[in-house]
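Note: the block below is run-v5.pdb and it holds PDB, C-alpha atoms.
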```
ATOM      1  CA  MET A 538      31.691  35.196 -46.267
ATOM      2  CA  ARG A 539      33.353  36.481 -43.090
ATOM      3  CA  ILE A 540      30.096  38.145 -42.061
ATOM      4  CA  VAL A 541      28.148  34.911 -42.572
ATOM      5  CA  ILE A 542      30.640  32.947 -40.456
ATOM      6  CA  SER A 543      30.488  35.585 -37.748
ATOM      7  CA  VAL A 544      26.693  35.496 -37.689
ATOM      8  CA  VAL A 545      26.662  31.683 -37.509
ATOM      9  CA  LEU A 546      29.180  31.730 -34.650
ATOM     10  CA  VAL A 547      27.141  34.276 -32.717
ATOM     11  CA  ILE A 548      23.979  32.164 -33.184
ATOM     12  CA  VAL A 549      25.784  29.011 -32.013
ATOM     13  CA  ILE A 550      27.237  30.772 -28.957
ATOM     14  CA  PHE A 551      23.882  32.255 -27.977
ATOM     15  CA  SER A 552      22.158  28.886 -28.479
ATOM     16  CA  CYS A 553      24.665  27.175 -26.183
ATOM     17  CA  MET A 554      24.210  29.891 -23.570
ATOM     18  CA  ALA A 555      20.442  29.574 -23.810
ATOM     19  CA  CYS A 556      20.606  25.791 -23.360
ATOM     20  CA  PHE A 557      22.916  26.123 -20.380
ATOM     21  CA  ALA A 558      20.711  28.797 -18.825
ATOM     22  CA  LYS A 559      17.588  26.628 -19.320
ATOM     23  CA  SER A 560      19.112  23.567 -17.691
ATOM     24  CA  SER A 561      20.294  25.666 -14.757
ATOM     25  CA  VAL A 562      16.872  27.230 -14.272
ATOM     26  CA  ASN A 563      14.882  23.991 -14.645
ATOM     27  CA  GLY A 564      17.097  21.724 -12.566
ATOM     28  CA  GLU A 565      17.753  18.060 -13.198
ATOM     29  CA  THR A 566      15.063  15.887 -14.761
ATOM     30  CA  ILE A 567      14.906  12.242 -13.669
ATOM     31  CA  ASN A 568      12.935   9.700 -15.706
ATOM     32  CA  VAL A 569      11.974   6.619 -13.717
ATOM     33  CA  THR A 570      10.279   3.580 -15.239
ATOM     34  CA  LEU A 571       8.193   1.811 -12.607
ATOM     35  CA  LYS A 572       6.949  -1.704 -11.977
ATOM     36  CA  GLY A 573       3.422  -2.262 -10.675
ATOM     37  CA  LEU A 574       2.044   1.060 -11.870
ATOM     38  CA  VAL A 575      -1.358   0.001 -13.183
ATOM     39  CA  CYS A 576      -3.956   2.418 -11.857
ATOM     40  CA  ASP A 577      -4.747   6.001 -10.911
ATOM     41  CA  PHE A 578      -4.369   5.146  -7.248
ATOM     42  CA  CYS A 579      -0.803   3.914  -7.853
ATOM     43  CA  ALA A 580       0.030   7.080  -9.802
ATOM     44  CA  ARG A 581      -1.418   9.266  -7.064
ATOM     45  CA  ALA A 582       0.624   7.457  -4.383
ATOM     46  CA  ILE A 583       3.833   8.009  -6.356
ATOM     47  CA  GLU A 584       2.981  11.627  -7.113
ATOM     48  CA  LYS A 585       2.199  12.466  -3.480
ATOM     49  CA  THR A 586       5.330  10.759  -2.179
ATOM     50  CA  PHE A 587       7.690  12.679  -4.488
ATOM     51  CA  ALA A 588       5.823  15.986  -4.307
ATOM     52  CA  LYS A 589       6.426  16.028  -0.540
ATOM     53  CA  GLN A 590      10.207  16.196  -1.071
ATOM     54  CA  ALA A 591      11.569  19.717  -0.551
ATOM     55  CA  ASP A 592      14.016  19.560  -3.479
ATOM     56  CA  VAL A 593      11.424  18.420  -6.019
ATOM     57  CA  GLU A 594       9.990  21.090  -8.306
ATOM     58  CA  LYS A 595       7.471  19.051 -10.308
ATOM     59  CA  VAL A 596       6.238  15.476 -10.642
ATOM     60  CA  ASP A 597       4.521  13.904 -13.639
ATOM     61  CA  VAL A 598       3.244  10.350 -13.908
ATOM     62  CA  ASP A 599       2.320   8.665 -17.193
ATOM     63  CA  LEU A 600       0.284   5.504 -16.705
ATOM     64  CA  ASP A 601       0.597   4.388 -20.330
ATOM     65  CA  SER A 602       4.393   4.146 -20.209
ATOM     66  CA  ALA A 603       4.631   3.546 -16.416
ATOM     67  CA  LEU A 604       6.948   6.556 -16.370
ATOM     68  CA  LEU A 605       7.616   8.917 -13.478
ATOM     69  CA  VAL A 606       9.253  12.232 -14.412
ATOM     70  CA  VAL A 607      10.753  14.140 -11.496
ATOM     71  CA  GLU A 608      11.962  17.683 -12.105
ATOM     72  CA  MET A 609      14.328  18.876  -9.385
ATOM     73  CA  LYS A 610      14.715  22.446  -8.164
ATOM     74  CA  PRO A 611      17.702  24.384  -9.614
ATOM     75  CA  GLY A 612      20.977  23.065  -8.256
ATOM     76  CA  LYS A 613      19.331  20.079  -6.560
ATOM     77  CA  THR A 614      19.653  16.416  -7.370
ATOM     78  CA  MET A 615      18.425  13.064  -6.131
ATOM     79  CA  ASP A 616      20.536   9.913  -6.279
ATOM     80  CA  ASP A 617      19.221   6.578  -7.575
ATOM     81  CA  GLY A 618      19.131   5.110  -4.073
ATOM     82  CA  THR A 619      16.843   7.851  -2.823
ATOM     83  CA  VAL A 620      14.608   7.473  -5.880
ATOM     84  CA  ALA A 621      14.319   3.721  -5.249
ATOM     85  CA  ARG A 622      13.620   4.269  -1.532
ATOM     86  CA  LEU A 623      10.835   6.774  -2.192
ATOM     87  CA  VAL A 624       9.263   4.545  -4.835
ATOM     88  CA  ALA A 625       9.390   1.619  -2.372
ATOM     89  CA  GLU A 626       7.829   3.783   0.358
ATOM     90  CA  ALA A 627       4.930   4.443  -1.998
ATOM     91  CA  GLY A 628       4.609   0.675  -2.472
ATOM     92  CA  TYR A 629       6.178   0.165  -5.899
ATOM     93  CA  GLU A 630       9.485  -0.748  -7.550
ATOM     94  CA  VAL A 631      11.943   0.893  -9.923
ATOM     95  CA  GLU A 632      12.627  -0.788 -13.231
ATOM     96  CA  SER A 633      15.110   1.787 -14.588
ATOM     97  CA  VAL A 634      16.333   5.347 -14.027
ATOM     98  CA  ARG A 635      17.444   7.728 -16.791
ATOM     99  CA  ARG A 636      18.862  11.243 -16.369
TER     100      ARG A 636
ATOM    101  CA  MET B1192     -22.094 -28.103  -3.288
ATOM    102  CA  ARG B1193     -18.605 -29.425  -2.646
ATOM    103  CA  THR B1194     -17.813 -29.000  -6.329
ATOM    104  CA  SER B1195     -18.922 -25.371  -6.166
ATOM    105  CA  ILE B1196     -16.745 -24.663  -3.154
ATOM    106  CA  ILE B1197     -13.738 -26.333  -4.747
ATOM    107  CA  ALA B1198     -14.387 -24.374  -7.958
ATOM    108  CA  ILE B1199     -14.363 -21.086  -6.056
ATOM    109  CA  PHE B1200     -11.171 -21.943  -4.199
ATOM    110  CA  LEU B1201      -9.484 -23.068  -7.409
ATOM    111  CA  MET B1202     -10.528 -19.914  -9.181
ATOM    112  CA  CYS B1203      -9.089 -17.858  -6.345
ATOM    113  CA  ALA B1204      -5.920 -19.866  -6.153
ATOM    114  CA  VAL B1205      -5.260 -19.791  -9.872
ATOM    115  CA  CYS B1206      -6.302 -16.251 -10.617
ATOM    116  CA  ALA B1207      -5.407 -14.609  -7.316
ATOM    117  CA  PRO B1208      -7.635 -11.934  -5.713
ATOM    118  CA  ALA B1209      -9.346  -8.291  -4.249
ATOM    119  CA  TRP B1210     -11.433  -5.567  -2.983
ATOM    120  CA  ALA B1211     -10.928  -1.848  -2.758
ATOM    121  CA  ARG B1212      -7.454  -1.390  -1.340
ATOM    122  CA  PRO B1213      -7.508  -1.612   2.458
ATOM    123  CA  VAL B1214      -4.120   0.141   2.683
ATOM    124  CA  SER B1215      -3.299   3.574   1.292
ATOM    125  CA  TYR B1216       0.008   5.351   0.678
ATOM    126  CA  ALA B1217       2.087   6.546   3.640
ATOM    127  CA  GLY B1218       0.229   9.359   5.377
ATOM    128  CA  GLY B1219      -2.964   8.659   3.429
ATOM    129  CA  TRP B1220      -6.503   8.395   4.777
ATOM    130  CA  THR B1221      -9.290   6.222   3.409
ATOM    131  CA  LEU B1222     -12.965   6.928   3.962
ATOM    132  CA  ALA B1223     -15.386   4.313   2.690
ATOM    133  CA  THR B1224     -18.967   3.122   2.832
ATOM    134  CA  TYR B1225     -20.119  -0.299   1.610
ATOM    135  CA  ASN B1226     -23.774  -1.193   1.148
ATOM    136  CA  ASP B1227     -25.143  -4.440  -0.229
ATOM    137  CA  GLY B1228     -27.916  -6.941   0.335
ATOM    138  CA  ASP B1229     -26.386  -8.155   3.594
ATOM    139  CA  SER B1230     -24.979  -5.139   5.449
ATOM    140  CA  ASP B1231     -24.131  -1.441   5.478
ATOM    141  CA  SER B1232     -20.722  -0.393   6.732
ATOM    142  CA  GLY B1233     -18.587   2.696   7.170
ATOM    143  CA  ILE B1234     -14.814   2.708   7.563
ATOM    144  CA  ILE B1235     -12.143   5.299   8.165
ATOM    145  CA  HIS B1236      -8.484   4.299   8.002
ATOM    146  CA  TYR B1237      -5.105   5.933   8.332
ATOM    147  CA  SER B1238      -1.984   4.419   6.737
ATOM    148  CA  PRO B1239       1.222   5.356   8.573
ATOM    149  CA  LYS B1240       3.130   3.341   5.970
ATOM    150  CA  ALA B1241       2.247   1.908   2.577
ATOM    151  CA  ASP B1242       1.955  -1.613   3.992
ATOM    152  CA  ARG B1243      -0.427  -1.100   6.921
ATOM    153  CA  SER B1244      -3.452   0.842   8.031
ATOM    154  CA  LEU B1245      -5.369   1.321  11.248
ATOM    155  CA  GLY B1246      -8.929   2.483  11.579
ATOM    156  CA  ILE B1247     -12.427   2.060  12.870
ATOM    157  CA  ARG B1248     -15.342   0.229  11.341
ATOM    158  CA  ALA B1249     -19.096   0.323  11.950
ATOM    159  CA  GLU B1250     -21.241  -2.310  10.265
ATOM    160  CA  TYR B1251     -24.970  -2.933  10.459
ATOM    161  CA  PHE B1252     -26.268  -6.373   9.492
ATOM    162  CA  ARG B1253     -29.753  -5.868   8.169
ATOM    163  CA  GLU B1254     -31.289  -9.338   8.337
ATOM    164  CA  LYS B1255     -30.300 -10.161  11.923
ATOM    165  CA  ASP B1256     -30.622  -6.525  12.974
ATOM    166  CA  TRP B1257     -27.318  -6.094  14.772
ATOM    167  CA  LEU B1258     -24.500  -3.567  14.756
ATOM    168  CA  MET B1259     -20.748  -3.991  15.104
ATOM    169  CA  THR B1260     -18.280  -1.246  15.942
ATOM    170  CA  ALA B1261     -14.628  -2.244  15.939
ATOM    171  CA  GLY B1262     -11.045  -1.180  15.544
ATOM    172  CA  GLN B1263      -9.444  -2.692  12.465
ATOM    173  CA  PHE B1264      -5.845  -3.333  11.421
ATOM    174  CA  ASN B1265      -4.934  -4.108   7.823
ATOM    175  CA  ALA B1266      -1.536  -5.354   6.741
ATOM    176  CA  LEU B1267      -0.163  -5.716   3.251
ATOM    177  CA  VAL B1268       1.559  -9.072   3.603
ATOM    178  CA  LYS B1269       3.043  -9.178   0.131
ATOM    179  CA  ARG B1270       2.979  -7.111  -3.039
ATOM    180  CA  TRP B1271       4.200  -8.253  -6.411
ATOM    181  CA  ASN B1272       5.156  -5.353  -8.675
ATOM    182  CA  GLU B1273       5.881  -6.286 -12.272
ATOM    183  CA  PRO B1274       5.882  -4.375 -15.549
ATOM    184  CA  GLY B1275       2.223  -4.075 -16.488
ATOM    185  CA  TRP B1276       0.680  -5.823 -13.510
ATOM    186  CA  GLN B1277       0.465  -5.887  -9.752
ATOM    187  CA  ALA B1278      -0.769  -8.336  -7.116
ATOM    188  CA  ASN B1279      -1.359  -7.951  -3.390
ATOM    189  CA  ALA B1280      -2.055 -10.118  -0.368
ATOM    190  CA  TYR B1281      -3.591  -8.601   2.754
ATOM    191  CA  VAL B1282      -4.623  -9.683   6.229
ATOM    192  CA  LYS B1283      -7.426  -7.729   7.863
ATOM    193  CA  SER B1284      -8.361  -8.177  11.519
ATOM    194  CA  GLY B1285     -10.356  -6.326  14.114
ATOM    195  CA  ALA B1286     -11.978  -6.383  17.526
ATOM    196  CA  GLY B1287     -14.866  -4.458  19.037
ATOM    197  CA  TRP B1288     -18.431  -4.805  20.206
ATOM    198  CA  ALA B1289     -21.528  -6.328  18.685
ATOM    199  CA  TYR B1290     -24.894  -4.893  19.668
ATOM    200  CA  LYS B1291     -28.193  -6.626  18.970
ATOM    201  CA  CYS B1292     -30.881  -4.093  18.246
ATOM    202  CA  ASP B1293     -33.707  -6.194  19.683
ATOM    203  CA  GLY B1294     -34.117  -8.948  22.312
ATOM    204  CA  PRO B1295     -33.574  -8.962  26.109
ATOM    205  CA  PRO B1296     -31.436  -6.008  27.283
ATOM    206  CA  GLU B1297     -29.033  -8.278  29.204
ATOM    207  CA  ASN B1298     -28.237 -10.220  26.036
ATOM    208  CA  ARG B1299     -27.787  -7.419  23.602
ATOM    209  CA  SER B1300     -24.015  -6.892  23.526
ATOM    210  CA  GLU B1301     -21.108  -9.221  22.858
ATOM    211  CA  LEU B1302     -17.432  -9.063  22.087
ATOM    212  CA  ALA B1303     -16.895  -9.081  18.312
ATOM    213  CA  LEU B1304     -13.798 -10.439  16.592
ATOM    214  CA  PHE B1305     -13.068 -10.827  12.918
ATOM    215  CA  SER B1306     -10.160 -11.726  10.701
ATOM    216  CA  GLY B1307      -9.718 -12.411   7.027
ATOM    217  CA  PHE B1308      -7.414 -12.725   4.069
ATOM    218  CA  ALA B1309      -7.712 -10.745   0.866
ATOM    219  CA  ALA B1310      -5.770 -10.801  -2.348
ATOM    220  CA  ASP B1311      -5.966  -9.260  -5.786
ATOM    221  CA  TRP B1312      -4.301  -9.230  -9.188
ATOM    222  CA  GLU B1313      -4.747  -6.516 -11.765
ATOM    223  CA  ASN B1314      -3.361  -4.990 -14.887
ATOM    224  CA  ARG B1315      -4.914  -2.110 -16.749
ATOM    225  CA  ARG B1316      -7.442  -4.331 -18.511
ATOM    226  CA  TYR B1317      -8.286  -7.183 -16.134
ATOM    227  CA  TYR B1318      -8.916  -7.483 -12.421
ATOM    228  CA  ILE B1319      -9.545 -10.440 -10.144
ATOM    229  CA  SER B1320      -9.860 -10.654  -6.391
ATOM    230  CA  TYR B1321     -10.710 -12.861  -3.466
ATOM    231  CA  GLU B1322     -11.529 -12.111   0.141
ATOM    232  CA  ASN B1323     -12.754 -14.029   3.157
ATOM    233  CA  ARG B1324     -13.753 -13.057   6.667
ATOM    234  CA  LEU B1325     -14.329 -15.072   9.805
ATOM    235  CA  LEU B1326     -16.647 -13.149  12.107
ATOM    236  CA  TYR B1327     -17.408 -14.073  15.717
ATOM    237  CA  ALA B1328     -19.895 -12.159  17.847
ATOM    238  CA  GLY B1329     -20.897 -14.680  20.525
ATOM    239  CA  HIS B1330     -24.572 -15.613  20.495
ATOM    240  CA  ILE B1331     -25.400 -12.712  18.175
ATOM    241  CA  HIS B1332     -23.611 -13.901  15.084
ATOM    242  CA  ARG B1333     -20.836 -16.180  13.893
ATOM    243  CA  ASP B1334     -20.022 -17.069  10.328
ATOM    244  CA  ILE B1335     -17.459 -17.126   7.577
ATOM    245  CA  GLU B1336     -17.968 -15.300   4.333
ATOM    246  CA  GLN B1337     -16.099 -15.525   1.044
ATOM    247  CA  LYS B1338     -16.140 -13.143  -1.852
ATOM    248  CA  ALA B1339     -14.555 -13.207  -5.303
ATOM    249  CA  ARG B1340     -14.580 -10.749  -8.161
ATOM    250  CA  VAL B1341     -13.606 -10.587 -11.785
ATOM    251  CA  GLY B1342     -13.493  -7.370 -13.778
ATOM    252  CA  ILE B1343     -12.642  -5.963 -17.175
ATOM    253  CA  ALA B1344     -12.018  -2.374 -18.240
ATOM    254  CA  PRO B1345     -13.913  -1.599 -21.464
ATOM    255  CA  TYR B1346     -11.343   1.110 -22.278
ATOM    256  CA  ILE B1347      -7.928   2.104 -20.943
ATOM    257  CA  GLY B1348      -7.924   5.586 -19.458
ATOM    258  CA  GLY B1349      -4.964   7.815 -18.667
ATOM    259  CA  TYR B1350      -4.023   9.320 -15.307
ATOM    260  CA  GLY B1351      -6.832  11.616 -14.175
ATOM    261  CA  ASP B1352      -9.451  10.197 -16.555
ATOM    262  CA  ILE B1353     -12.617   8.470 -15.420
ATOM    263  CA  HIS B1354     -11.762   4.768 -15.254
ATOM    264  CA  THR B1355     -14.596   2.291 -15.677
ATOM    265  CA  TRP B1356     -14.658  -1.383 -14.748
ATOM    266  CA  LEU B1357     -17.358  -3.932 -15.455
ATOM    267  CA  MET B1358     -17.284  -6.495 -12.669
ATOM    268  CA  CYS B1359     -19.053  -9.511 -11.301
ATOM    269  CA  GLU B1360     -18.968 -10.351  -7.607
ATOM    270  CA  VAL B1361     -19.818 -13.744  -6.120
ATOM    271  CA  ARG B1362     -20.310 -14.006  -2.366
ATOM    272  CA  TYR B1363     -20.599 -17.292  -0.551
ATOM    273  CA  PHE B1364     -22.191 -17.716   2.884
ATOM    274  CA  PRO B1365     -21.625 -21.356   3.928
ATOM    275  CA  GLY B1366     -23.531 -20.899   7.210
ATOM    276  CA  MET B1367     -26.817 -20.001   5.587
ATOM    277  CA  LYS B1368     -29.428 -22.626   4.809
ATOM    278  CA  HIS B1369     -30.713 -20.762   1.766
ATOM    279  CA  ASP B1370     -29.228 -18.243  -0.609
ATOM    280  CA  GLN B1371     -25.673 -19.326   0.069
ATOM    281  CA  PHE B1372     -24.507 -17.619  -3.119
ATOM    282  CA  MET B1373     -25.071 -14.028  -4.060
ATOM    283  CA  VAL B1374     -24.072 -12.957  -7.560
ATOM    284  CA  THR B1375     -23.852  -9.229  -8.224
ATOM    285  CA  PRO B1376     -22.873  -7.611 -11.529
ATOM    286  CA  LEU B1377     -21.588  -4.095 -10.928
ATOM    287  CA  VAL B1378     -19.871  -1.107 -12.484
ATOM    288  CA  ARG B1379     -16.884   0.562 -10.838
ATOM    289  CA  PHE B1380     -15.974   4.180 -11.566
ATOM    290  CA  PHE B1381     -12.661   5.618 -10.437
ATOM    291  CA  LYS B1382     -11.538   9.202 -10.896
ATOM    292  CA  GLY B1383      -8.816  10.967  -8.994
ATOM    293  CA  ALA B1384      -9.236  10.160  -5.318
ATOM    294  CA  VAL B1385     -12.782   8.833  -5.494
ATOM    295  CA  MET B1386     -14.102   5.396  -6.363
ATOM    296  CA  ALA B1387     -17.788   4.444  -6.627
ATOM    297  CA  GLU B1388     -19.382   1.079  -7.347
ATOM    298  CA  VAL B1389     -23.003   0.504  -8.303
ATOM    299  CA  GLY B1390     -24.591  -2.878  -8.863
ATOM    300  CA  CYS B1391     -27.637  -5.052  -8.395
ATOM    301  CA  SER B1392     -27.623  -8.721  -7.413
ATOM    302  CA  ILE B1393     -29.588 -11.257  -9.420
ATOM    303  CA  LYS B1394     -32.008 -11.306  -6.454
ATOM    304  CA  GLY B1395     -32.517  -7.567  -6.755
ATOM    305  CA  ASP B1396     -30.369  -6.345  -3.836
ATOM    306  CA  VAL B1397     -28.671  -3.027  -4.578
ATOM    307  CA  LEU B1398     -24.933  -2.618  -4.078
ATOM    308  CA  PHE B1399     -23.396   0.807  -3.611
ATOM    309  CA  ASN B1400     -19.826   1.318  -2.458
ATOM    310  CA  TRP B1401     -18.007   4.616  -2.191
ATOM    311  CA  VAL B1402     -14.345   5.089  -1.311
ATOM    312  CA  MET B1403     -12.336   8.286  -1.003
ATOM    313  CA  PHE B1404      -8.559   8.540  -0.564
ATOM    314  CA  PHE B1405      -7.010  11.711   0.810
TER     315      PHE B1405
END
```

As structure tokens - that is how I would like this structure written.
Amino acid sequence: MRIVISVVLVIVIFSCMACFAKSSVNGETINVTLKGLVCDFCARAIEKTFAKQADVEKVDVDLDSALLVVEMKPGKTMDDGTVARLVAEAGYEVESVRR
Amino acid sequence: MRTSIIAIFLMCAVCAPAWARPVSYAGGWTLATYNDGDSDSGIIHYSPKADRSLGIRAEYFREKDWLMTAGQFNALVKRWNEPGWQANAYVKSGAGWAYKCDGPPENRSELALFSGFAADWENRRYYISYENRLLYAGHIHRDIEQKARVGIAPYIGGYGDIHTWLMCEVRYFPGMKHDQFMVTPLVRFFKGAVMAEVGCSIKGDVLFNWVMFF
């Protein structure tokens, strides 16, 4: 019984460490729901605008859900105001931001 | 005739408007050619911001055999962004020179001025647009033209897919004695940064438009 508990504890500890390490390596992920995103051109405008930012690692746009997913570089973040400003610069509007 | 004009204006007013976007994203360039039964034109634009663009335009009018080269400024006056749809209102103006390809040499060139309003509404399934242009080129040419479009996407594509639109364009030339209306069914293809439109008017005039964003 003691061995089983020890093994479970080790697995839990390693899992937590792995999760922490992953989030540190991947950086923050910001999910932005957009208004007015109806075409490839809109998606391209958003993608180009965010990809130009030095702290952004990766940008994905899903037309079906009008969702912009911004993956930041490790240790970097972007506040909601900056997200809204960049979206507005591309010509669109933010409906909601989730982190 | 009056009923037809009122019908067009009502359609535009109720349904709102468009044309291939005259303004790109900040730092974006637009290269386009438009060819139809009336004219052939080439345009290159730069957008310093997402609500304006500046460029040059060359347009050859086939029937009257004259050419216009001009600088053009486009401004996005208003954009409505809503979940699932978008609408835009633009003003497009320009100034340059008109050159008549035949006639007495002393009468071949004129100052050319044009200005117009364009608007569009679209979601991922439906599209509707309206555009007008007042064009003045002294004794060479002067007229006002109106254009409206409706479109439907037969399928909804994802980002990066080939998007297809089935459209119908109606152009109205009030200054012409005959053929004031030109109706052109067309197909629009859009993939990545390139858009192409192919159509044929009910009179048999071919339409081919090509736009590239970069």

For the point (14.7, 8.3, -7.8) in file coordinates, what residues are within 9 Å, counting only C-alpha atoms? Give the answer as a PDB file with C-alpha atoms, in the coordinates of the input?
```pdb
ATOM      1  CA  ILE A 567      14.906  12.242 -13.669  1.00  0.00           C
ATOM      2  CA  ASN A 568      12.935   9.700 -15.706  1.00  0.00           C
ATOM      3  CA  VAL A 569      11.974   6.619 -13.717  1.00  0.00           C
ATOM      4  CA  PHE A 587       7.690  12.679  -4.488  1.00  0.00           C
ATOM      5  CA  VAL A 607      10.753  14.140 -11.496  1.00  0.00           C
ATOM      6  CA  MET A 615      18.425  13.064  -6.131  1.00  0.00           C
ATOM      7  CA  ASP A 616      20.536   9.913  -6.279  1.00  0.00           C
ATOM      8  CA  ASP A 617      19.221   6.578  -7.575  1.00  0.00           C
ATOM      9  CA  GLY A 618      19.131   5.110  -4.073  1.00  0.00           C
ATOM     10  CA  THR A 619      16.843   7.851  -2.823  1.00  0.00           C
ATOM     11  CA  VAL A 620      14.608   7.473  -5.880  1.00  0.00           C
ATOM     12  CA  ALA A 621      14.319   3.721  -5.249  1.00  0.00           C
ATOM     13  CA  ARG A 622      13.620   4.269  -1.532  1.00  0.00           C
ATOM     14  CA  LEU A 623      10.835   6.774  -2.192  1.00  0.00           C
ATOM     15  CA  VAL A 624       9.263   4.545  -4.835  1.00  0.00           C
ATOM     16  CA  VAL A 631      11.943   0.893  -9.923  1.00  0.00           C
ATOM     17  CA  VAL A 634      16.333   5.347 -14.027  1.00  0.00           C
TER      18      VAL A 634
END
```

Item checked: Neighbour list for Gln590 (chain A) as a PyMOL selection string, cut-off 10 Å, all atoms listed in the file, skip fewer than 4 positions in-chain -> chain A and resi 585-586+594+609+623

Notebook entry, point to check: the PyMOL selection byres ((chain A) within 7 of (chain B)) on the file shown: which residues, as number ranges by chain?
Noted result: A: 572-577, 582, 599-601, 626-630

Next item on the list: Run the PyMOL selection byres ((chain B and resi 1394) around 9) mentally over the shown coordinates, then write out the matched residues as a list in words, using the chain letters and numbers from the document.
Entry: Met1373, Val1374, Thr1375, Cys1391, Ser1392, Ile1393, Gly1395 and Asp1396 of chain B

Margin query: Just checking: using only C-alpha atoms, which residue out of A:Lys589, A:Gly612, A:Glu565, A:Leu571 ends up closest to Glu632 (chain A)?
Written below: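 The closest residue to Glu632 (chain A) is A:Leu571.
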
Check: Do you know which residues the PyMOL selection byres ((chain B and resi 1358-1372) around 9) returns on this file, as a PyMOL selection string?
Finding: chain B and resi 1196+1318+1333-1344+1356-1357+1373-1379+1390+1392

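Note that CA of His1330 (chain B) and CA of Phe1308 (chain B) are 23.9 Å apart.
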
Notebook entry, point to check: Is there a way to get, as a PyMOL selection string, all residues within 9 Å of the point (-27.5, -11.6, 13.7) in file coordinates, counting all atoms listed in the file?
Noted result: chain B and resi 1252-1258+1291+1328+1330-1333

Next item on the list: Grab the CA of Ala1261 (chain B) to CA of Val1389 (chain B) distance for me, in Å with one decimal place.
Entry: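 Computed distance, CA of Ala1261 (chain B) to CA of Val1389 (chain B), equals 25.8 Å.
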
The centre and edge lengths of an axis-aligned box containing all atoms of region 1222-1229 of chain B present in the file, extended by 8 Å on each side, are to be given in Å to one decimal, as lines of an AutoDock Vina configuration file.
```
center_x = -20.4
center_y = -0.6
center_z = 1.9
size_x = 31.0
size_y = 31.1
size_z = 20.2
```

Notebook entry, point to check: To one decimal place, how far is CA of Ile583 (chain A) from CA of Gly1246 (chain B) in Å?
Noted result: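 Separation of CA of Ile583 (chain A) and CA of Gly1246 (chain B): 22.7 Å.
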
Notebook entry, point to check: Looking at all atoms listed in the file, which of B:Ala1387, B:Met1403, B:Ile1319, B:Asp1311 is the one that sits closest to Ile1234 (chain B)?
Noted result: B:Met1403

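Compared by their closest atoms to Phe1264 (chain B), and using all atoms listed in the file, the residues B:Ser1284, B:Ser1230, B:Ser1320, B:Asn1279 rank with B:Ser1284 nearest.
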
Note to self: With all atoms listed in the file as the counted atoms, please give the residues lying no more than 6 Å from Glu1250 (chain B), apart from itself and same-chain residues fewer than 6 positions off, as a ChimeraX atom specification.
What the structure shows: /B:1231-1232,1258-1259
